[in-house]
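Source file: data_38.csv; contents: CSV, C-alpha atoms and all ligand atoms.
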```
chain,number,residue,atom,x,y,z
N,1,MET,CA,141.5,76.0,-192.9
N,2,GLN,CA,139.5,79.1,-193.2
N,3,SER,CA,141.7,82.1,-192.5
N,4,GLN,CA,140.7,85.5,-191.1
N,5,ARG,CA,140.2,88.2,-193.6
N,6,THR,CA,140.4,92.0,-193.9
N,7,ILE,CA,139.7,94.3,-196.9
N,8,ARG,CA,142.4,94.7,-199.6
N,9,ARG,CA,142.3,98.5,-199.7
N,10,SER,CA,140.7,101.5,-198.0
N,11,ILE,CA,137.4,102.7,-199.3
N,12,SER,CA,134.9,105.5,-198.3
N,13,CYS,CA,131.3,106.4,-198.8
N,14,ALA,CA,129.1,109.3,-197.6
N,15,GLY,CA,125.6,109.5,-196.3
N,16,ILE,CA,123.4,110.7,-193.5
N,17,GLY,CA,122.7,109.3,-190.0
N,18,LEU,CA,119.1,108.0,-189.8
N,19,HIS,CA,118.5,109.3,-186.3
N,20,SER,CA,120.9,112.3,-186.1
N,21,GLY,CA,120.3,113.5,-189.7
N,22,ASN,CA,124.0,114.4,-189.7
N,23,LYS,CA,126.1,114.1,-192.9
N,24,VAL,CA,128.8,111.5,-192.3
N,25,THR,CA,131.8,110.1,-194.2
N,26,LEU,CA,132.5,106.4,-193.5
N,27,SER,CA,135.9,104.8,-194.4
N,28,LEU,CA,136.8,101.1,-194.2
N,29,LYS,CA,140.5,100.5,-193.6
N,30,PRO,CA,142.5,97.2,-193.6
N,31,ALA,CA,143.4,95.9,-190.1
N,32,PRO,CA,145.7,93.0,-188.9
N,33,ALA,CA,144.6,89.6,-187.8
N,34,ASP,CA,143.0,89.3,-184.3
N,35,SER,CA,142.3,93.0,-184.1
N,36,GLY,CA,138.5,92.6,-184.9
N,37,VAL,CA,136.2,95.4,-186.0
N,38,ARG,CA,137.1,98.8,-184.5
N,39,PHE,CA,135.1,102.0,-184.9
N,40,ARG,CA,137.3,105.1,-185.0
N,41,ARG,CA,136.0,108.7,-184.6
N,42,SER,CA,138.3,110.9,-186.7
N,43,ASP,CA,136.4,114.0,-185.3
N,44,LEU,CA,137.5,112.9,-181.8
N,45,GLY,CA,141.2,112.6,-182.7
N,46,GLY,CA,141.0,109.0,-183.6
N,47,LEU,CA,139.5,107.6,-180.4
N,48,GLU,CA,138.2,104.0,-180.9
N,49,VAL,CA,135.6,101.7,-179.6
N,50,ALA,CA,135.7,98.0,-180.4
N,51,ALA,CA,132.6,96.3,-181.9
N,52,SER,CA,131.9,94.2,-178.9
N,53,ALA,CA,128.8,93.3,-176.8
N,54,GLU,CA,130.6,94.7,-173.8
N,55,HIS,CA,130.5,98.2,-175.2
N,56,VAL,CA,126.8,98.3,-176.1
N,57,GLY,CA,125.1,101.4,-174.8
N,58,GLY,CA,122.2,103.6,-175.8
N,59,ILE,CA,119.7,101.3,-177.6
N,60,ASN,CA,117.3,103.8,-179.3
N,61,TYR,CA,115.8,102.1,-182.3
N,62,ALA,CA,119.3,101.2,-183.3
N,63,THR,CA,122.4,99.7,-181.7
N,64,GLY,CA,125.1,102.0,-180.3
N,65,LEU,CA,128.5,101.4,-178.9
N,66,THR,CA,130.2,103.6,-176.2
N,67,ARG,CA,133.5,103.6,-174.5
N,68,ASP,CA,134.6,106.5,-172.4
N,69,ALA,CA,134.0,109.6,-174.5
N,70,VAL,CA,133.5,107.7,-177.8
N,71,ARG,CA,130.1,106.9,-179.1
N,72,VAL,CA,129.0,105.3,-182.4
N,73,ASP,CA,125.4,104.7,-183.3
N,74,THR,CA,123.5,102.5,-185.7
N,75,VAL,CA,126.2,99.9,-186.3
N,76,GLU,CA,124.0,96.9,-187.0
N,77,HIS,CA,123.6,96.9,-190.8
N,78,LEU,CA,127.3,97.4,-191.4
N,79,MET,CA,128.2,94.8,-188.8
N,80,ALA,CA,125.8,92.3,-190.5
N,81,ALA,CA,127.6,93.0,-193.9
N,82,LEU,CA,131.0,92.5,-192.3
N,83,VAL,CA,130.4,89.3,-190.5
N,84,SER,CA,128.4,87.8,-193.4
N,85,LEU,CA,131.2,88.6,-196.0
N,86,GLY,CA,133.8,87.2,-193.5
N,87,ILE,CA,135.6,90.5,-192.8
N,88,ASP,CA,137.0,89.7,-189.4
N,89,ASN,CA,139.3,92.7,-189.1
N,90,VAL,CA,138.7,96.2,-190.2
N,91,ILE,CA,138.8,99.8,-189.0
N,92,VAL,CA,135.6,101.7,-189.5
N,93,GLU,CA,136.4,105.4,-189.5
N,94,LEU,CA,133.6,108.0,-189.1
N,95,ASN,CA,133.7,111.8,-188.8
N,96,SER,CA,130.3,111.8,-186.9
N,97,PRO,CA,128.7,109.7,-184.2
N,98,GLU,CA,126.4,107.7,-186.5
N,99,VAL,CA,127.0,105.1,-189.3
N,100,PRO,CA,125.2,106.4,-192.4
N,101,ILE,CA,121.9,104.8,-193.1
N,102,MET,CA,122.4,104.6,-196.9
N,103,ASP,CA,119.2,103.0,-198.3
N,104,GLY,CA,118.2,101.5,-195.0
N,105,SER,CA,119.6,98.1,-195.9
N,106,ALA,CA,123.0,96.4,-195.9
N,107,ALA,CA,123.3,96.3,-199.7
N,108,PRO,CA,125.4,99.5,-200.0
N,109,PHE,CA,127.9,98.1,-197.5
N,110,ILE,CA,128.1,94.9,-199.4
N,111,TYR,CA,129.0,96.9,-202.5
N,112,LEU,CA,131.6,98.9,-200.6
N,113,ILE,CA,133.3,95.7,-199.2
N,114,GLN,CA,133.3,94.1,-202.6
N,115,GLU,CA,134.8,97.2,-204.2
N,116,ALA,CA,137.5,97.2,-201.6
N,117,GLY,CA,138.3,93.5,-202.2
N,118,VAL,CA,139.0,90.8,-199.6
N,119,LYS,CA,142.4,90.0,-198.3
N,120,PRO,CA,143.1,86.7,-196.5
N,121,LEU,CA,145.3,86.8,-193.4
N,122,SER,CA,147.5,84.1,-192.0
N,123,ALA,CA,145.7,83.5,-188.8
N,124,ALA,CA,142.8,81.0,-188.5
N,125,ARG,CA,139.3,82.3,-188.1
N,126,ARG,CA,137.7,81.2,-184.8
N,127,TYR,CA,134.0,80.3,-184.8
N,128,LEU,CA,131.8,80.2,-181.7
N,129,LYS,CA,130.2,76.8,-181.8
N,130,VAL,CA,127.1,76.4,-179.6
N,131,LEU,CA,127.1,73.3,-177.5
N,132,ARG,CA,123.8,73.6,-175.6
N,133,PRO,CA,120.8,75.8,-175.9
N,134,MET,CA,120.7,79.3,-174.4
N,135,SER,CA,117.7,81.7,-174.3
N,136,LEU,CA,116.5,85.0,-173.1
N,137,THR,CA,112.8,86.0,-172.7
N,138,ARG,CA,111.4,89.5,-172.0
N,139,GLY,CA,107.6,89.6,-171.9
N,140,ASP,CA,106.4,88.4,-175.3
N,141,LYS,CA,109.9,88.7,-176.8
N,142,ARG,CA,112.2,85.8,-177.0
N,143,ILE,CA,115.5,84.8,-178.5
N,144,ALA,CA,117.4,81.5,-178.3
N,145,ILE,CA,120.3,79.7,-179.9
N,146,TYR,CA,120.5,75.9,-180.3
N,147,PRO,CA,123.4,73.6,-181.4
N,148,SER,CA,123.4,73.2,-185.2
N,149,ASP,CA,126.1,72.2,-187.8
N,150,HIS,CA,125.3,75.5,-189.7
N,151,PHE,CA,124.6,79.1,-188.9
N,152,LYS,CA,120.8,79.4,-189.3
N,153,VAL,CA,118.3,82.1,-188.3
N,154,THR,CA,114.6,81.7,-187.7
N,155,TYR,CA,112.7,85.0,-187.1
N,156,SER,CA,109.1,85.7,-186.5
N,157,ILE,CA,107.4,89.0,-186.1
N,158,ALA,CA,103.8,90.0,-185.2
N,159,TYR,CA,102.4,93.6,-185.1
N,160,ASP,CA,99.0,95.0,-184.5
N,161,HIS,CA,98.7,96.0,-188.2
N,162,PRO,CA,96.9,94.3,-191.0
N,163,MET,CA,100.0,94.1,-193.2
N,164,LEU,CA,102.2,92.6,-190.5
N,165,ARG,CA,100.1,90.3,-188.3
N,166,HIS,CA,102.7,87.6,-188.8
N,167,GLN,CA,105.8,87.0,-190.8
N,168,SER,CA,108.3,84.2,-190.3
N,169,ARG,CA,111.3,83.0,-192.1
N,170,THR,CA,114.1,80.5,-191.6
N,171,ILE,CA,117.3,80.9,-193.5
N,172,ARG,CA,120.6,78.9,-193.6
N,173,LEU,CA,123.2,81.6,-194.0
N,174,SER,CA,126.1,81.6,-196.5
N,175,GLU,CA,127.8,84.6,-198.0
N,176,GLU,CA,125.8,84.3,-201.2
N,177,ILE,CA,122.5,83.8,-199.5
N,178,PHE,CA,123.1,86.8,-197.2
N,179,VAL,CA,124.0,89.0,-200.2
N,180,GLU,CA,120.9,87.9,-202.3
N,181,GLU,CA,118.2,87.2,-199.7
N,182,ILE,CA,118.9,89.4,-196.6
N,183,ALA,CA,121.2,92.3,-197.3
N,184,PRO,CA,118.8,94.2,-199.6
N,185,ALA,CA,115.9,94.2,-197.0
N,186,ARG,CA,115.3,97.7,-195.7
N,187,THR,CA,114.5,99.0,-192.3
N,188,PHE,CA,110.9,99.9,-191.6
N,189,THR,CA,108.7,102.0,-189.4
N,190,PHE,CA,105.0,102.9,-188.9
N,191,LEU,CA,103.8,106.3,-190.1
N,192,ASN,CA,102.2,106.9,-186.7
N,193,GLU,CA,105.6,106.3,-185.0
N,194,VAL,CA,107.5,108.8,-187.2
N,195,GLU,CA,106.2,111.9,-185.5
N,196,ARG,CA,106.8,110.4,-182.0
N,197,LEU,CA,110.4,109.5,-183.0
N,198,ARG,CA,111.0,113.0,-184.3
N,199,GLN,CA,109.7,114.6,-181.1
N,200,GLN,CA,112.4,112.5,-179.3
N,201,GLY,CA,115.0,113.9,-181.7
N,202,LEU,CA,115.2,110.6,-183.6
N,203,ALA,CA,114.7,109.6,-187.2
N,204,LEU,CA,115.7,113.1,-188.2
N,205,GLY,CA,117.5,111.7,-191.3
N,206,GLY,CA,114.7,109.3,-192.2
N,207,SER,CA,112.8,109.4,-195.5
N,208,LEU,CA,111.3,107.2,-198.0
N,209,GLU,CA,114.8,106.9,-199.5
N,210,ASN,CA,116.0,105.0,-196.5
N,211,ALA,CA,113.1,103.3,-194.8
N,212,ILE,CA,109.9,101.5,-195.6
N,213,VAL,CA,107.1,103.6,-194.0
N,214,ILE,CA,103.9,101.7,-193.3
N,215,GLY,CA,100.7,103.7,-193.3
N,216,ASP,CA,97.2,102.5,-192.2
N,217,THR,CA,96.4,100.9,-195.6
N,218,GLY,CA,99.8,100.1,-197.1
N,219,ILE,CA,103.3,101.2,-197.6
N,220,LEU,CA,104.1,104.8,-198.6
N,221,ASN,CA,107.1,103.6,-200.7
N,222,ASN,CA,106.6,102.5,-204.3
N,223,ALA,CA,107.3,98.8,-203.8
N,224,LEU,CA,108.8,96.2,-201.5
N,225,ARG,CA,112.0,94.4,-202.5
N,226,PHE,CA,110.6,91.1,-201.1
N,227,ASP,CA,107.0,90.2,-200.1
N,228,ASP,CA,108.4,89.5,-196.6
N,229,GLU,CA,111.0,92.3,-196.6
N,230,PHE,CA,110.1,93.1,-192.9
N,231,VAL,CA,111.1,89.8,-191.4
N,232,ARG,CA,114.1,89.6,-193.7
N,233,HIS,CA,115.2,93.0,-192.2
N,234,LYS,CA,114.8,91.6,-188.7
N,235,ILE,CA,117.1,88.7,-189.7
N,236,LEU,CA,119.6,91.3,-190.9
N,237,ASP,CA,119.4,93.2,-187.6
N,238,VAL,CA,119.9,90.2,-185.5
N,239,ILE,CA,122.9,89.0,-187.5
N,240,GLY,CA,124.4,92.5,-187.1
N,241,ASP,CA,123.7,92.6,-183.3
N,242,MET,CA,124.9,89.1,-182.7
N,243,ALA,CA,128.1,89.9,-184.6
N,244,LEU,CA,129.1,91.9,-181.5
N,245,ILE,CA,130.0,88.5,-180.0
N,246,GLY,CA,133.2,89.0,-182.0
N,247,HIS,CA,133.1,85.6,-183.8
N,248,PRO,CA,130.9,84.1,-186.5
N,249,MET,CA,128.5,81.6,-184.9
N,250,ILE,CA,127.7,78.0,-185.6
N,251,GLY,CA,124.3,77.4,-184.2
N,252,HIS,CA,120.6,78.0,-185.0
N,253,LEU,CA,119.4,81.4,-183.8
N,254,VAL,CA,115.6,81.6,-183.2
N,255,ALA,CA,114.0,85.0,-182.3
N,256,HIS,CA,110.4,86.1,-181.9
N,257,ARG,CA,109.4,89.8,-181.8
N,258,GLY,CA,112.9,90.9,-180.9
N,259,GLY,CA,114.6,94.2,-181.2
N,260,HIS,CA,118.1,95.6,-180.7
N,261,ALA,CA,117.8,95.7,-176.8
N,262,LEU,CA,116.9,92.0,-176.7
N,263,HIS,CA,119.5,91.0,-179.4
N,264,THR,CA,122.4,92.8,-177.7
N,265,ALA,CA,121.5,91.6,-174.2
N,266,PHE,CA,121.5,88.1,-175.6
N,267,ALA,CA,124.8,88.6,-177.3
N,268,ALA,CA,126.3,89.6,-173.9
N,269,GLN,CA,124.6,86.6,-172.2
N,270,VAL,CA,126.0,84.2,-174.8
N,271,LEU,CA,129.5,85.6,-174.2
N,272,ALA,CA,129.1,85.2,-170.4
N,273,GLN,CA,127.9,81.6,-170.6
N,274,THR,CA,131.3,80.2,-171.5
N,275,ASP,CA,130.3,76.6,-170.7
N,276,ALA,CA,127.6,76.6,-173.4
N,277,TRP,CA,130.0,77.1,-176.4
N,278,THR,CA,133.5,76.5,-177.6
N,279,LEU,CA,135.7,78.3,-180.1
N,280,VAL,CA,136.8,76.2,-183.1
N,281,ASP,CA,139.4,77.1,-185.6
N,282,GLY,CA,138.8,77.3,-189.3
N,283,VAL,CA,135.8,75.8,-191.0
N,284,PRO,CA,134.5,72.4,-189.9
N,285,GLU,CA,133.5,70.1,-192.8
N,286,THR,CA,129.8,70.9,-192.5
N,287,VAL,CA,130.1,74.7,-192.7
N,288,ASP,CA,129.8,76.3,-196.1
N,289,THR,CA,133.0,77.9,-197.2
N,290,PRO,CA,132.2,81.6,-198.0
N,291,ARG,CA,132.6,82.3,-201.6
N,292,THR,CA,133.6,85.6,-203.1
N,293,VAL,CA,130.7,87.2,-205.0
N,294,PRO,CA,131.7,89.3,-208.0
N,295,ALA,CA,131.8,93.1,-207.3
N,296,VAL,CA,128.8,95.1,-208.4
N,297,ALA,CA,126.6,92.0,-208.3
N,298,ARG,CA,123.2,91.9,-206.9
N,299,VAL,CA,123.0,95.4,-205.4
N,300,SER,CA,119.5,96.5,-206.3
U,401,ZN,ZN,117.8,97.5,-189.0
```
Write-out of the structure in structure tokens:
Amino acid sequence: MQSQRTIRRSISCAGIGLHSGNKVTLSLKPAPADSGVRFRRSDLGGLEVAASAEHVGGINYATGLTRDAVRVDTVEHLMAALVSLGIDNVIVELNSPEVPIMDGSAAPFIYLIQEAGVKPLSAARRYLKVLRPMSLTRGDKRIAIYPSDHFKVTYSIAYDHPMLRHQSRTIRLSEEIFVEEIAPARTFTFLNEVERLRQQGLALGGSLENAIVIGDTGILNNALRFDDEFVRHKILDVIGDMALIGHPMIGHLVAHRGGHALHTAFAAQVLAQTDAWTLVDGVPETVDTPRTVPAVARVS
């Protein structure tokens, strides 16, 4: 039986919010079984919002959660790291409304979790196993999930730019594959969008240190981490957004030209379609057992 997990000890890091530009300290703290991922605002006296699709609000080039007076933005990269490393329960404490962007990928959060260590809990992990297909289409954007014995993601993107006419990738997820193939992929933006974002008060913390910037003839950064880093980052985003379901999934997720609004609307739809899935305890025979990757490994 695969048990739920939390982290072994509290750990912190500091960075800036991509959109707010605010300095922020993030701490991960151990939490008991069945408590899930909870974001806590220390600057608001410890008010919390659970990482759940029901609390999604304010999608502005990133995924935000709100409940009453509490708001936390840009949760998706951290959520992807937590679900992919099998951290079911944790408190994420912030002293500002936005999760730090770090280097624009999930690799720094992987490093943080590995440094904290993993602690098994006595309760069984519950997976959401897809029984029949579900889908959501908005214009030319589409996302769907199909029954499968494994958690797999297929993503395709298409932009009106010579570098990004089409990229597509299918990946069968395990802890190790996420750490090596997906977590290091950075967020990206187009140079001609940066000014527009800033006029809206967004991307104020953005720089070549935390985003790939695509100009007319190529990227402004020195190098890509993968030839298809862009579609890999979209896979990272959708894993993080779908983690708001609150259970790791067993199914094949397929998305075309999605974004946070589509991903999170679909997460809410999946939760509502209770006849299309079932919760199963532990790890069925066909699901890879997550392995612990050595600390300090593979963070490039
Ligand atoms: Zn992202």
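CA of Pro184 in chain N is positioned 7.4 Å from CA of Arg225 in chain N.
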message = For ligand ZN 401 (chain U), return the neighbouring residues as a PyMOL selection string (distance at most 12 Å; all atoms listed in the file).
response = chain N and resi 18+60-63+73-81+99+101-106+182-189+210-212+229-241+258-260+263
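Our summary of the geometry notes that CA of Tyr111 in chain N is positioned 23.0 Å from CA of Ser35 in chain N.
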task = Pick out the closest residue to Val70 in chain N from this set: N:Pro97, N:Gly86, N:Gly206, N:Gly201. Count only C-alpha atoms.
result = N:Pro97
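Here CA of Thr66 in chain N and CA of Ala276 in chain N stand 27.3 Å from one another.
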task = Would you be able to write out as a ChimeraX atom specification which residues have an atom within 8 Å of (136.2, 80.8, -184.2) in the file's coordinates, counting all atoms listed in the file?
result = /N:124-129,247-249,279-282
Those residues with C-alpha atoms, as a compact mmCIF listing (two decimals), in the coordinates of the input please?
```txt
# COMPACT_ATOMS: atom_id res chain seq x y z
CA ALA N 124 142.80 81.00 -188.50
CA ARG N 125 139.30 82.30 -188.10
CA ARG N 126 137.70 81.20 -184.80
CA TYR N 127 134.00 80.30 -184.80
CA LEU N 128 131.80 80.20 -181.70
CA LYS N 129 130.20 76.80 -181.80
CA HIS N 247 133.10 85.60 -183.80
CA PRO N 248 130.90 84.10 -186.50
CA MET N 249 128.50 81.60 -184.90
CA LEU N 279 135.70 78.30 -180.10
CA VAL N 280 136.80 76.20 -183.10
CA ASP N 281 139.40 77.10 -185.60
CA GLY N 282 138.80 77.30 -189.30
```
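Distance check against Leu173 in chain N using only C-alpha atoms: of N:Thr6, N:Asn222, N:Thr154, N:Thr264, the minimum falls on N:Thr154.
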inquiry  = Nearest residue to Pro30 in chain N out of N:Ala116, N:Ala53, N:Leu136, N:Leu44, using only C-alpha atoms?
reply    = N:Ala116
inquiry  = Please determine, counting all atoms listed in the file, which residue among N:Ile11, N:Ile250, N:Leu197, N:Met134 has the shortest atom-to-atom distance to Ser174 in chain N.
reply    =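 Closest residue, counting all atoms listed in the file: N:Ile250.
Distances to Asp88 in chain N were evaluated for N:Ala255, N:Val118, N:Val270, N:Ala203 using all atoms listed in the file, and the minimum falls at N:Val118.
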request  = Determine the nearest neighbour of His55 in chain N from the options N:His19, N:Leu244, N:Ser12, N:Val130, counting only C-alpha atoms.
outcome  = N:Leu244
Show me the residues close to (136.2, 103.3, -183.1) - anything with an atom within 10 Å, counting only C-alpha atoms - and format the list as a PDB file with C-alpha atoms, in the frame of the given file.
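File written: selection-v7.pdb
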```
ATOM      1  CA  VAL N  37     136.200  95.400-186.000  1.00  0.00           C
ATOM      2  CA  ARG N  38     137.100  98.800-184.500  1.00  0.00           C
ATOM      3  CA  PHE N  39     135.100 102.000-184.900  1.00  0.00           C
ATOM      4  CA  ARG N  40     137.300 105.100-185.000  1.00  0.00           C
ATOM      5  CA  ARG N  41     136.000 108.700-184.600  1.00  0.00           C
ATOM      6  CA  SER N  42     138.300 110.900-186.700  1.00  0.00           C
ATOM      7  CA  LEU N  44     137.500 112.900-181.800  1.00  0.00           C
ATOM      8  CA  GLY N  46     141.000 109.000-183.600  1.00  0.00           C
ATOM      9  CA  LEU N  47     139.500 107.600-180.400  1.00  0.00           C
ATOM     10  CA  GLU N  48     138.200 104.000-180.900  1.00  0.00           C
ATOM     11  CA  VAL N  49     135.600 101.700-179.600  1.00  0.00           C
ATOM     12  CA  ALA N  50     135.700  98.000-180.400  1.00  0.00           C
ATOM     13  CA  ALA N  51     132.600  96.300-181.900  1.00  0.00           C
ATOM     14  CA  LEU N  65     128.500 101.400-178.900  1.00  0.00           C
ATOM     15  CA  THR N  66     130.200 103.600-176.200  1.00  0.00           C
ATOM     16  CA  ARG N  67     133.500 103.600-174.500  1.00  0.00           C
ATOM     17  CA  VAL N  70     133.500 107.700-177.800  1.00  0.00           C
ATOM     18  CA  ARG N  71     130.100 106.900-179.100  1.00  0.00           C
ATOM     19  CA  VAL N  72     129.000 105.300-182.400  1.00  0.00           C
ATOM     20  CA  ILE N  91     138.800  99.800-189.000  1.00  0.00           C
ATOM     21  CA  VAL N  92     135.600 101.700-189.500  1.00  0.00           C
ATOM     22  CA  GLU N  93     136.400 105.400-189.500  1.00  0.00           C
ATOM     23  CA  LEU N  94     133.600 108.000-189.100  1.00  0.00           C
ATOM     24  CA  PRO N  97     128.700 109.700-184.200  1.00  0.00           C
TER      25      PRO N  97
END
```
